[in-house]
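Colleague: Dropping in my_file_29.txt, which is compact mmCIF, C-alpha atoms:
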```
# COMPACT_ATOMS: atom_id res chain seq x y z
CA MET G 1 12.30 39.51 186.25
CA SER G 2 11.64 42.94 184.79
CA THR G 3 10.71 46.03 186.76
CA HIS G 4 8.22 48.51 185.31
CA TRP G 5 8.62 52.15 186.22
CA PRO G 6 5.41 54.00 185.30
CA THR G 7 5.78 57.65 184.37
CA ILE G 8 3.40 60.46 183.56
CA ALA G 9 4.51 60.40 179.94
CA THR G 10 4.04 56.63 179.42
CA ARG G 11 1.03 55.96 181.61
CA PRO G 12 -2.29 55.82 179.67
CA ALA G 13 -4.75 58.59 180.50
CA SER G 14 -7.44 56.02 181.29
CA ALA G 15 -5.31 54.12 183.76
CA GLY G 16 -6.50 54.31 187.31
CA PRO G 17 -4.47 54.64 190.49
CA THR G 18 -2.14 51.77 191.27
CA GLN G 19 -1.16 50.40 194.58
CA THR G 20 2.26 51.30 195.98
CA ASN G 21 4.91 48.69 195.35
CA GLN G 22 5.67 46.89 198.60
CA SER G 23 9.41 47.01 197.88
CA ASP G 24 9.19 50.80 197.75
CA GLU G 25 7.76 50.81 201.26
CA ARG G 26 10.76 48.86 202.49
CA ASN G 27 13.20 51.25 200.76
CA PRO G 28 14.38 53.85 203.32
CA VAL G 29 15.24 56.38 200.60
CA MET G 30 11.79 56.07 199.07
CA ARG G 31 10.17 56.53 202.49
CA LEU G 32 12.40 59.55 203.15
CA PHE G 33 11.59 61.14 199.81
CA ARG G 34 7.87 60.72 200.44
CA GLN G 35 8.28 62.83 203.58
CA LEU G 36 10.23 65.60 201.86
CA ARG G 37 9.00 68.33 199.58
CA PHE G 38 10.63 68.96 196.22
CA ARG G 39 13.16 71.60 197.28
CA PRO G 40 14.71 69.51 200.07
CA LYS G 41 14.88 66.59 197.63
CA ALA G 42 16.64 68.77 195.08
CA LEU G 43 19.11 70.02 197.68
CA LEU G 44 19.85 66.50 198.88
CA ILE G 45 20.44 65.18 195.35
CA SER G 46 22.61 68.19 194.51
CA ALA G 47 24.75 67.62 197.58
CA VAL G 48 25.20 63.93 196.72
CA LEU G 49 26.25 64.80 193.17
CA VAL G 50 28.44 67.80 194.00
CA LEU G 51 30.36 66.35 196.96
CA PRO G 52 32.26 63.68 194.97
CA SER G 53 33.07 66.27 192.30
CA ILE G 54 34.52 68.57 194.93
CA VAL G 55 36.53 65.76 196.52
CA LEU G 56 37.92 64.50 193.21
CA GLY G 57 38.57 68.02 191.95
CA GLY G 58 40.34 68.90 195.17
CA ALA G 59 42.48 65.77 194.94
CA TYR G 60 43.44 66.63 191.37
CA LEU G 61 44.31 70.22 192.24
CA ALA G 62 46.32 69.02 195.24
CA GLY G 63 48.29 66.69 192.97
CA VAL G 64 49.03 69.44 190.47
CA GLN G 65 49.96 71.78 193.30
CA GLY G 66 52.35 69.14 194.61
CA GLN G 67 54.04 69.00 191.20
CA LEU G 68 54.23 72.79 191.16
CA ASP G 69 55.77 72.86 194.61
CA GLN G 70 58.37 70.31 193.52
CA VAL G 71 59.29 72.34 190.43
CA ARG G 72 59.59 75.48 192.54
CA GLN G 73 61.83 73.64 194.98
CA GLU G 74 63.96 72.49 192.09
CA ARG G 75 64.24 76.03 190.75
CA ALA G 76 65.21 77.23 194.22
CA GLY G 77 67.92 74.56 194.23
CA VAL G 78 69.20 75.68 190.83
CA ALA G 79 69.27 79.32 191.96
CA ALA G 80 71.17 78.37 195.14
CA MET G 81 73.63 76.30 193.12
CA GLN G 82 74.26 79.23 190.82
CA GLN G 83 75.24 81.25 193.88
CA LEU G 84 77.34 78.40 195.31
CA VAL G 85 79.39 77.76 192.15
CA PRO G 86 81.62 80.85 192.61
CA PHE G 87 82.64 79.53 196.02
CA LEU G 88 83.22 76.04 194.62
CA ARG G 89 85.60 77.42 192.05
CA ALA G 90 87.34 79.92 194.35
CA GLN G 91 88.02 77.41 197.12
CA ILE G 92 89.43 74.91 194.62
CA GLU G 93 91.73 77.62 193.24
CA ALA G 94 92.80 78.70 196.75
CA ARG G 95 93.62 75.14 197.80
CA ALA G 96 95.50 74.40 194.57
CA ALA G 97 97.46 77.64 194.91
CA GLN G 98 98.39 76.79 198.49
CA ARG G 99 99.57 73.34 197.42
CA ALA G 100 101.67 74.91 194.66
CA VAL G 101 103.20 77.33 197.17
CA ASP G 102 104.00 74.41 199.48
CA GLY G 103 105.97 72.86 196.64
CA GLY G 104 107.95 76.02 196.03
CA PHE G 105 106.00 77.86 193.35
CA THR G 106 105.72 81.11 195.32
CA GLU G 107 104.05 83.05 192.50
CA ALA G 108 100.82 81.21 193.33
CA ALA G 109 100.64 82.86 196.76
CA ALA G 110 99.13 86.08 195.41
CA LEU G 111 96.69 84.14 193.25
CA GLY G 112 95.67 82.07 196.24
CA ALA G 113 95.02 85.17 198.31
CA VAL G 114 92.76 86.58 195.59
CA ALA G 115 90.93 83.26 195.35
CA ARG G 116 90.36 83.22 199.12
CA GLN G 117 88.90 86.73 198.93
CA ARG G 118 86.58 85.62 196.15
CA ALA G 119 85.52 82.60 198.20
CA ASP G 120 84.73 84.80 201.21
CA ALA G 121 82.72 87.19 199.04
CA ALA G 122 80.87 84.29 197.38
CA LEU G 123 79.73 82.93 200.73
CA VAL G 124 78.49 86.35 201.81
CA LYS G 125 76.60 86.77 198.53
CA LEU G 126 75.10 83.30 198.88
CA GLN G 127 73.83 84.10 202.37
CA GLU G 128 72.31 87.35 201.07
CA HIS G 129 70.58 85.41 198.30
CA LEU G 130 69.10 82.93 200.78
CA SER G 131 67.94 85.77 203.01
CA ASN G 132 66.31 87.67 200.14
CA THR G 133 64.54 84.61 198.71
CA GLY G 134 63.20 83.25 202.00
CA ASP G 135 65.55 80.24 202.03
CA ARG G 136 63.02 77.69 200.77
CA LEU G 137 65.65 74.98 201.14
CA VAL G 138 66.58 75.81 204.75
CA LEU G 139 70.17 75.99 203.56
CA THR G 140 71.39 78.81 205.80
CA PRO G 141 72.60 76.61 208.71
CA LYS G 142 74.66 74.46 206.33
CA ILE G 143 76.19 77.52 204.68
CA LYS G 144 77.10 78.95 208.08
CA ASP G 145 78.82 75.66 208.94
CA LEU G 146 80.63 75.82 205.60
CA GLN G 147 81.70 79.40 206.24
CA THR G 148 83.03 78.47 209.68
CA ALA G 149 84.94 75.49 208.26
CA TRP G 150 86.35 77.64 205.48
CA GLN G 151 87.50 80.43 207.76
CA THR G 152 89.24 78.01 210.12
CA GLY G 153 90.75 75.69 207.52
CA ALA G 154 91.54 77.69 204.37
CA GLY G 155 94.29 80.01 205.58
CA PRO G 156 97.75 79.98 204.04
CA GLN G 157 99.20 78.62 207.27
CA ASP G 158 97.42 75.29 206.76
CA LYS G 159 100.05 72.82 205.54
CA THR G 160 97.98 69.65 205.72
CA THR G 161 99.10 67.23 203.01
CA VAL G 162 97.35 64.01 203.91
CA GLU G 163 93.76 64.95 204.72
CA GLU G 164 93.46 67.84 202.23
CA ARG G 165 91.32 70.08 204.51
CA PRO G 166 88.67 67.45 205.38
CA VAL G 167 86.64 69.94 207.45
CA VAL G 168 86.02 72.20 204.45
CA SER G 169 85.38 69.28 202.11
CA LEU G 170 82.98 67.63 204.56
CA ALA G 171 81.07 70.86 205.18
CA LEU G 172 80.78 71.46 201.43
CA GLN G 173 79.58 67.91 200.81
CA GLN G 174 76.95 68.24 203.52
CA ALA G 175 75.74 71.55 202.08
CA LEU G 176 75.47 70.05 198.59
CA ARG G 177 73.64 66.96 199.86
CA HIS G 178 71.21 69.10 201.82
CA LEU G 179 70.59 71.30 198.80
CA TYR G 180 70.04 68.25 196.58
CA ALA G 181 67.61 66.64 199.02
CA GLU G 182 65.59 69.74 199.93
CA ALA G 183 65.30 70.79 196.28
CA GLN G 184 63.86 67.31 195.52
CA LEU G 185 66.16 67.07 192.53
CA GLY G 186 66.47 63.31 192.87
CA MET G 187 62.70 62.96 192.36
CA ASP G 188 62.75 64.56 188.91
CA VAL G 189 61.75 62.02 186.23
CA ASP G 190 61.51 64.37 183.25
CA LEU G 191 64.19 63.37 180.72
CA ARG G 192 64.63 67.00 179.71
CA THR G 193 65.88 67.88 183.17
CA ARG G 194 66.88 64.64 184.90
CA ASP G 195 70.00 64.07 182.81
CA LEU G 196 71.13 67.66 183.43
CA ILE G 197 70.60 67.41 187.17
CA ALA G 198 72.89 64.37 187.48
CA PRO G 199 76.08 66.01 186.13
CA LEU G 200 75.46 69.48 187.58
CA PHE G 201 74.69 68.36 191.12
CA THR G 202 76.51 65.04 191.42
CA ASP G 203 79.23 64.44 188.85
CA LEU G 204 80.74 67.91 188.44
CA PRO G 205 81.18 68.76 192.16
CA LYS G 206 83.02 65.52 192.86
CA ALA G 207 85.12 65.67 189.71
CA GLY G 208 85.90 69.35 190.30
CA GLU G 209 87.22 68.57 193.78
CA ASP G 210 89.49 65.86 192.44
CA LEU G 211 90.55 68.03 189.52
CA GLY G 212 91.69 70.70 191.99
CA LEU G 213 93.75 68.14 193.87
CA VAL G 214 95.38 66.94 190.66
CA TRP G 215 96.13 70.53 189.66
CA GLY G 216 97.64 71.50 193.01
CA TRP G 217 99.70 68.37 193.50
CA SER G 218 101.00 68.25 189.93
CA THR G 219 102.33 71.79 190.34
CA TYR G 220 103.68 70.84 193.77
CA GLY G 221 105.51 67.81 192.36
CA LEU G 222 106.91 69.71 189.39
CA ALA G 223 108.17 72.58 191.57
CA LYS G 224 109.89 70.15 193.95
CA GLY G 225 111.24 67.89 191.24
CA GLY G 226 108.85 65.08 192.13
CA LEU G 227 106.40 64.06 194.84
CA ASP G 228 107.82 63.32 198.27
CA ASN G 229 107.18 59.61 198.61
CA PRO G 230 105.39 56.63 197.00
CA ALA G 231 102.29 57.25 199.14
CA GLN G 232 101.86 60.65 197.53
CA TYR G 233 102.15 59.12 194.07
CA ARG G 234 99.48 56.58 194.98
CA ARG G 235 97.15 59.31 196.29
CA PHE G 236 97.78 61.36 193.16
CA ALA G 237 96.88 58.37 190.98
CA VAL G 238 93.65 57.90 192.93
CA TRP G 239 92.67 61.57 192.57
CA ASN G 240 93.47 61.52 188.87
CA ALA G 241 91.45 58.34 188.32
CA ARG G 242 88.49 59.68 190.31
CA ALA G 243 88.57 62.96 188.41
CA GLU G 244 88.68 61.19 185.06
CA GLY G 245 85.87 58.85 186.10
CA GLY G 246 83.73 61.80 187.20
CA VAL G 247 84.40 63.59 183.92
CA ASN G 248 83.43 60.48 181.92
CA GLU G 249 80.25 59.97 183.94
CA GLY G 250 79.35 63.63 183.61
CA LEU G 251 79.93 63.51 179.86
CA LEU G 252 77.65 60.47 179.56
CA ASN G 253 74.81 62.20 181.41
CA TRP G 254 75.44 65.40 179.47
CA ALA G 255 75.12 63.51 176.18
CA GLN G 256 71.82 61.99 177.33
CA ALA G 257 70.57 65.45 178.22
CA LEU G 258 71.46 66.64 174.71
CA GLU G 259 69.40 63.79 173.24
CA ALA G 260 66.39 64.98 175.22
CA LEU G 261 67.09 68.64 174.36
CA PRO G 262 68.23 68.67 170.72
CA GLY G 263 67.48 72.38 170.48
CA GLN G 264 70.06 73.17 173.19
CA LYS G 265 73.14 71.69 171.49
CA GLY G 266 74.66 75.13 171.08
CA ALA G 267 74.11 76.10 174.69
CA LEU G 268 75.20 72.72 176.08
CA ASP G 269 78.55 72.43 174.34
CA SER G 270 80.42 69.44 175.79
CA GLN G 271 83.91 70.39 174.61
CA ALA G 272 84.94 71.28 178.17
CA PHE G 273 84.70 67.61 179.13
CA GLU G 274 87.17 66.66 176.41
CA LEU G 275 89.57 69.45 177.34
CA THR G 276 89.48 68.44 181.02
CA ARG G 277 90.09 64.81 180.16
CA SER G 278 93.05 65.79 177.98
CA TYR G 279 94.56 67.76 180.85
CA LEU G 280 94.17 64.86 183.28
CA GLN G 281 96.01 62.56 180.90
CA THR G 282 99.05 64.88 180.93
CA ALA G 283 98.97 66.08 184.57
CA ASP G 284 101.31 63.47 186.03
CA PRO G 285 104.23 65.41 187.57
CA THR G 286 106.66 62.72 186.44
CA GLN G 287 105.66 63.28 182.82
CA MET G 288 105.85 67.05 183.30
CA ILE G 289 109.38 66.75 184.65
CA LYS G 290 110.39 64.64 181.65
CA ALA G 291 108.84 67.24 179.36
CA ALA G 292 110.90 69.94 181.10
CA LEU G 293 107.86 72.06 181.90
CA GLU G 294 108.08 75.01 184.23
CA PRO G 295 105.90 75.12 187.39
CA LYS G 296 104.21 78.21 186.01
CA GLU G 297 103.20 76.30 182.88
CA ALA G 298 101.83 73.45 184.95
CA TYR G 299 99.92 75.86 187.14
CA GLN G 300 98.43 77.76 184.21
CA SER G 301 97.52 74.53 182.46
CA GLY G 302 95.57 73.32 185.51
CA GLN G 303 93.98 76.72 185.97
CA ALA G 304 92.76 76.71 182.36
CA ALA G 305 91.41 73.17 182.74
CA LEU G 306 89.49 74.14 185.86
CA GLN G 307 88.13 77.25 184.17
CA GLN G 308 86.88 75.18 181.23
CA PHE G 309 85.42 72.59 183.56
CA MET G 310 83.58 75.11 185.74
CA SER G 311 82.14 76.76 182.62
CA LEU G 312 79.87 73.73 182.36
CA TYR G 313 77.90 75.16 185.28
CA ASP G 314 77.48 78.44 183.40
CA LYS G 315 76.09 76.49 180.44
CA GLY G 316 74.00 73.87 182.19
CA LEU G 317 72.33 75.67 185.09
CA PRO G 318 70.58 78.36 182.97
CA VAL G 319 69.27 75.70 180.57
CA LEU G 320 68.05 73.59 183.48
CA ASP G 321 66.29 76.56 185.05
CA GLN G 322 64.72 77.43 181.70
CA GLN G 323 63.30 73.92 181.33
CA LEU G 324 61.95 74.01 184.87
CA GLU G 325 60.41 77.42 184.23
CA VAL G 326 58.64 76.09 181.15
CA ARG G 327 57.32 73.13 183.15
CA GLU G 328 56.16 75.41 185.96
CA ALA G 329 54.32 77.67 183.50
CA ALA G 330 52.64 74.66 181.84
CA LEU G 331 51.55 73.20 185.18
CA THR G 332 50.26 76.56 186.37
CA LEU G 333 48.27 77.07 183.17
CA ALA G 334 46.81 73.55 183.29
CA ARG G 335 45.89 73.94 186.97
CA ASN G 336 44.24 77.32 186.44
CA TRP G 337 42.12 76.53 183.41
CA LYS G 338 41.03 73.14 184.72
CA ALA G 339 40.11 74.71 188.06
CA VAL G 340 38.12 77.41 186.28
CA LEU G 341 36.43 74.80 184.08
CA ALA G 342 35.56 72.65 187.09
CA ILE G 343 34.16 75.59 189.05
CA LEU G 344 32.13 76.82 186.05
CA SER G 345 30.78 73.31 185.45
CA LEU G 346 29.75 72.95 189.08
CA CYS G 347 28.14 76.38 189.13
CA LEU G 348 26.36 75.72 185.83
CA GLY G 349 25.16 72.33 187.05
CA LEU G 350 23.86 73.83 190.29
CA TYR G 351 22.15 76.61 188.34
CA PHE G 352 20.49 74.09 186.00
CA PHE G 353 19.31 72.06 188.98
CA TYR G 354 18.02 75.23 190.61
CA CYS G 355 16.07 76.11 187.47
CA PHE G 356 14.73 72.57 187.29
CA ALA G 357 13.61 72.76 190.90
CA ARG G 358 11.96 76.14 190.32
CA VAL G 359 10.09 74.89 187.24
CA MET G 360 8.84 71.78 188.98
CA ASP G 361 7.96 73.64 192.15
CA SER G 362 6.05 76.39 190.36
CA GLY G 363 4.23 73.86 188.15
CA LEU G 364 3.11 71.78 191.12
CA ALA G 365 2.13 74.92 192.99
CA ALA G 366 -0.10 75.99 190.06
CA VAL G 367 -1.77 72.55 190.00
CA ILE G 368 -2.40 72.68 193.76
CA HIS G 369 -3.82 76.20 193.43
CA HIS G 370 -6.38 75.13 190.78
CA LEU G 371 -7.29 71.97 192.66
CA ASP G 372 -7.90 74.00 195.82
CA ALA G 373 -10.06 76.42 193.81
CA MET G 374 -12.10 73.55 192.40
CA ALA G 375 -12.45 72.05 195.88
CA ALA G 376 -13.84 75.40 197.02
CA GLY G 377 -16.42 75.30 194.19
CA ASP G 378 -14.72 77.80 191.92
CA LEU G 379 -14.85 76.34 188.41
CA GLN G 380 -14.34 79.62 186.58
CA GLN G 381 -10.55 79.57 186.68
CA HIS G 382 -8.98 78.01 183.64
CA PRO G 383 -5.42 76.68 183.90
CA VAL G 384 -2.88 78.41 181.70
CA VAL G 385 -0.54 75.73 180.37
CA THR G 386 3.00 76.61 179.22
CA GLY G 387 5.73 74.16 178.26
CA SER G 388 5.62 70.43 177.75
CA ASP G 389 7.15 68.94 180.89
CA GLU G 390 5.44 66.71 183.42
CA SER G 391 3.90 69.67 185.29
CA ALA G 392 2.47 71.00 182.04
CA MET G 393 1.04 67.56 181.25
CA LEU G 394 -0.61 67.53 184.67
CA MET G 395 -2.04 71.00 184.07
CA ARG G 396 -3.49 69.91 180.70
CA ALA G 397 -5.11 66.90 182.37
CA LEU G 398 -6.58 69.28 184.94
CA ALA G 399 -7.86 71.54 182.15
CA ARG G 400 -9.46 68.56 180.37
CA MET G 401 -11.12 67.49 183.60
CA GLN G 402 -12.43 71.00 184.19
CA SER G 403 -13.81 71.29 180.67
CA SER G 404 -15.42 67.84 180.70
CA PRO G 405 -19.19 67.71 181.63
CA LYS G 406 -18.81 64.46 183.53
CA PRO G 407 -17.00 65.76 186.57
CA LEU G 408 -19.28 68.80 186.65
CA THR G 409 -22.34 66.53 186.66
CA ARG G 410 -20.90 64.51 189.49
CA LEU G 411 -20.18 67.69 191.42
CA GLU G 412 -23.75 68.88 190.94
CA CYS G 413 -25.14 65.52 192.00
CA SER G 414 -23.04 65.52 195.08
```
I'd like the structure from this file rewritten - as structure tokens, please.

Modeller:
Amino acid sequence: MSTHWPTIATRPASAGPTQTNQSDERNPVMRLFRQLRFRPKALLISAVLVLPSIVLGGAYLAGVQGQLDQVRQERAGVAAMQQLVPFLRAQIEARAAQRAVDGGFTEAAALGAVARQRADAALVKLQEHLSNTGDRLVLTPKIKDLQTAWQTGAGPQDKTTVEERPVVSLALQQALRHLYAEAQLGMDVDLRTRDLIAPLFTDLPKAGEDLGLVWGWSTYGLAKGGLDNPAQYRRFAVWNARAEGGVNEGLLNWAQALEALPGQKGALDSQAFELTRSYLQTADPTQMIKAALEPKEAYQSGQAALQQFMSLYDKGLPVLDQQLEVREAALTLARNWKAVLAILSLCLGLYFFYCFARVMDSGLAAVIHHLDAMAAGDLQQHPVVTGSDESAMLMRALARMQSSPKPLTRLECS
């Protein structure tokens, strides 16, 4: 069953008035529109068309803003990590030096004192950084806990050999986990950054901690002529294995990051992984004793390995921040120009609809004016027709009627 929609343009001039379709009378929208003038109709239609556009546009902008917020959180996490790395390195050096002193290598005492001073200064600088940047990650409470644990558990008088300063290690782990979670680094799915985040925030901290234990205890064992008991040898083997496993895992993720960032091969040199792994394979104090190494040589060898290993942070974190900065700039640009385009389109559409309403309103007003004049008996006014839209067609029909003798005759007869 077909439905015919008569229009001014298609309806023959000779066609007479037709009866209203009964279905139109039952249509509430049709009844409403018959009660409204043109401007209210135009406003109602505009609102119906514009509202979904605003809702969908707002949802899109909210999604892009969410991505921007995540990238900015990630960059805040990278910046905080860059400030935390000096403490990571200094506290590892201080603990290794203390372990070497415990074994009898007294020359490490001065080096340990310097490392503790650097660790204290690094924590102060980190707190200043968080204060100056607004602490987006709410990291300050965790850093204060870490500072308290460090001040109470990192002194030279601490001789713990079994637990290896668990308070400091636990506080550091909690701070790193909080940083990782609040920076939303685990939610990153971009291959150009994801495979850098894994080693820098997961693999390297754990492996660095174990590397420090291997360094300190190997020097301790060499200075004393061997570790104290079989339990210490077992713990040393565990630390060495964990450190080597962390280095291997970090190297794997690092290689995947290089595949996603071929242009950064120079900046992301992975030689430090190989050098660290080589050190771990020769760090057993039993082997060092057989090789007739001096404690100073063992200490310097571990110090060099740690320095090479920590240099990975200096290479990886700037590259990671650069990639995040590029993503942030791209998202900001896309959000801005799409928002501008959407706003301009809405404004232009509303302006076109306004012009359409004005044209139709003025055309109908002109028709009504001439019909009222004719009803009052004034047949001297001649409609001025401009354009070719429906209002102009109606005005031409009115002009033809006015110029035709038939309606004038009927008017005279009446």

Colleague: What would the list of residues within 12 Å of (-10.2, 81.5, 188.7) (file frame) look like as a list in words, if all atoms listed in the file are what count?

Modeller: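 Every polymer residue passing the test: Ala366, His369, His370, Leu371, Asp372, Ala373, Met374, Ala376, Gly377, Asp378, Leu379, Gln380, Gln381, His382, Pro383, Val384 and Gln402 of chain G.
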
Colleague: I'd like the neighbourhood of stretch 122-131 of chain G as an NGL selection string, where a residue qualifies if any of its atoms comes within 10 Å (using only C-alpha atoms), though same-chain residues fewer than 2 positions away should be ignored.

Modeller: :G and (76 or 79-91 or 116-120 or 133-141 or 143-144 or 146-147 or 150)

Colleague: Quick one: distance from atom CA of G:Gly263 to atom CA of G:Val319 in Å, one decimal?

Modeller: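 Here the two named atoms are 10.8 Å from each other.
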
Colleague: Using all atoms listed in the file, which of the listed residues (G:Gln98, G:Gly104, G:Glu209, G:Ala42) sits closest to G:Gly226?

Modeller: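 Ranking G:Gln98, G:Gly104, G:Glu209, G:Ala42 by distance to G:Gly226, first place goes to G:Gly104.
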
Colleague: Please report the interatomic distance between atom CA of G:Val367 and atom CA of G:Glu390 in Å with one decimal.

Modeller: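 About the pair atom CA of G:Val367 and atom CA of G:Glu390: they are 11.4 Å apart.
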
Colleague: I'd like to know which of G:Gln151, G:Ile197, G:Leu211, G:Ala109 is closest to G:Asp321, using all atoms listed in the file.

Modeller: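 Checking each candidate against G:Asp321, we get G:Ile197 as the closest.
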
Colleague: Which distance in Å separates atom CA of G:Phe309 and atom CA of G:Ala272, to one decimal?

Modeller: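 A separation of 5.6 Å between them.
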
Colleague: Considering only C-alpha atoms, state which residue in the set G:Tyr313, G:Phe105, G:Phe33, G:Phe38 is at the smallest distance from G:Gln300.

Modeller: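 Closest candidate: G:Phe105.
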
Colleague: Just the residues within 7 Å of G:Trp254, please, counting all atoms listed in the file, with nothing from its chain fewer than 6 positions along; format it as a tab-separated table (two decimals) with C-alpha atoms, keeping the file's coordinate frame.

Modeller:
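The resulting file, around-v9.tsv, is reproduced below:
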```tsv
chain	number	residue	atom	x	y	z
G	195	ASP	CA	70.00	64.07	182.81
G	196	LEU	CA	71.13	67.66	183.43
G	199	PRO	CA	76.08	66.01	186.13
```

Colleague: Could you tell me which of G:Ile92, G:Ala291, G:Leu44, G:Val50 comes closest to G:Gly349 if we count all atoms listed in the file?

Modeller: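 Ranking G:Ile92, G:Ala291, G:Leu44, G:Val50 by distance to G:Gly349, first place goes to G:Val50.
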
Colleague: Residues at most 9 Å from G:Leu312, counting all atoms listed in the file, excluding those fewer than 6 positions away in the same chain, as a PyMOL selection string?

Modeller: chain G and resi 200+204+268-270+272-273

Colleague: Smallest atom-to-atom distance to G:Thr332: which of G:Ala59, G:Val385, G:Ala298, G:Val71, using all atoms listed in the file?

Modeller: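 The shortest atom-to-atom distance to G:Thr332 comes from G:Val71.
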
Colleague: Please list as a VMD selection string every residue within 8 Å of G:Leu324, counting all atoms listed in the file and excluding residues in the same chain fewer than 3 positions away.

Modeller: chain G and resid 71 74 to 75 193 320 to 321 327 to 328

Colleague: Measuring atom to atom with only C-alpha atoms, identify which of G:Gly77, G:Pro52, G:Gly208, G:Gly216 is nearest to G:Arg177.

Modeller: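 When distances to G:Arg177 are compared using only C-alpha atoms, the smallest one comes from G:Gly77.
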
Colleague: May I have the residues within 10 Å of G:Glu244 as a list in words, using all atoms listed in the file and disregarding those fewer than 5 positions away in the same chain?

Modeller: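 The residues that qualify are Ala207, Asp210, Leu211, Val238, Trp239, Glu249, Gly250, Phe273, Thr276, Arg277, Ser278, Tyr279, Leu280 and Gln281 of chain G.
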
Colleague: Write the selection just made, keeping C-alpha atoms, as a compact mmCIF listing (two decimals), keeping the file's coordinate frame?

Modeller:
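To be explicit, this is the file written out as selection26.txt:
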```
# COMPACT_ATOMS: atom_id res chain seq x y z
CA ALA G 207 85.12 65.67 189.71
CA ASP G 210 89.49 65.86 192.44
CA LEU G 211 90.55 68.03 189.52
CA VAL G 238 93.65 57.90 192.93
CA TRP G 239 92.67 61.57 192.57
CA GLU G 249 80.25 59.97 183.94
CA GLY G 250 79.35 63.63 183.61
CA PHE G 273 84.70 67.61 179.13
CA THR G 276 89.48 68.44 181.02
CA ARG G 277 90.09 64.81 180.16
CA SER G 278 93.05 65.79 177.98
CA TYR G 279 94.56 67.76 180.85
CA LEU G 280 94.17 64.86 183.28
CA GLN G 281 96.01 62.56 180.90
```
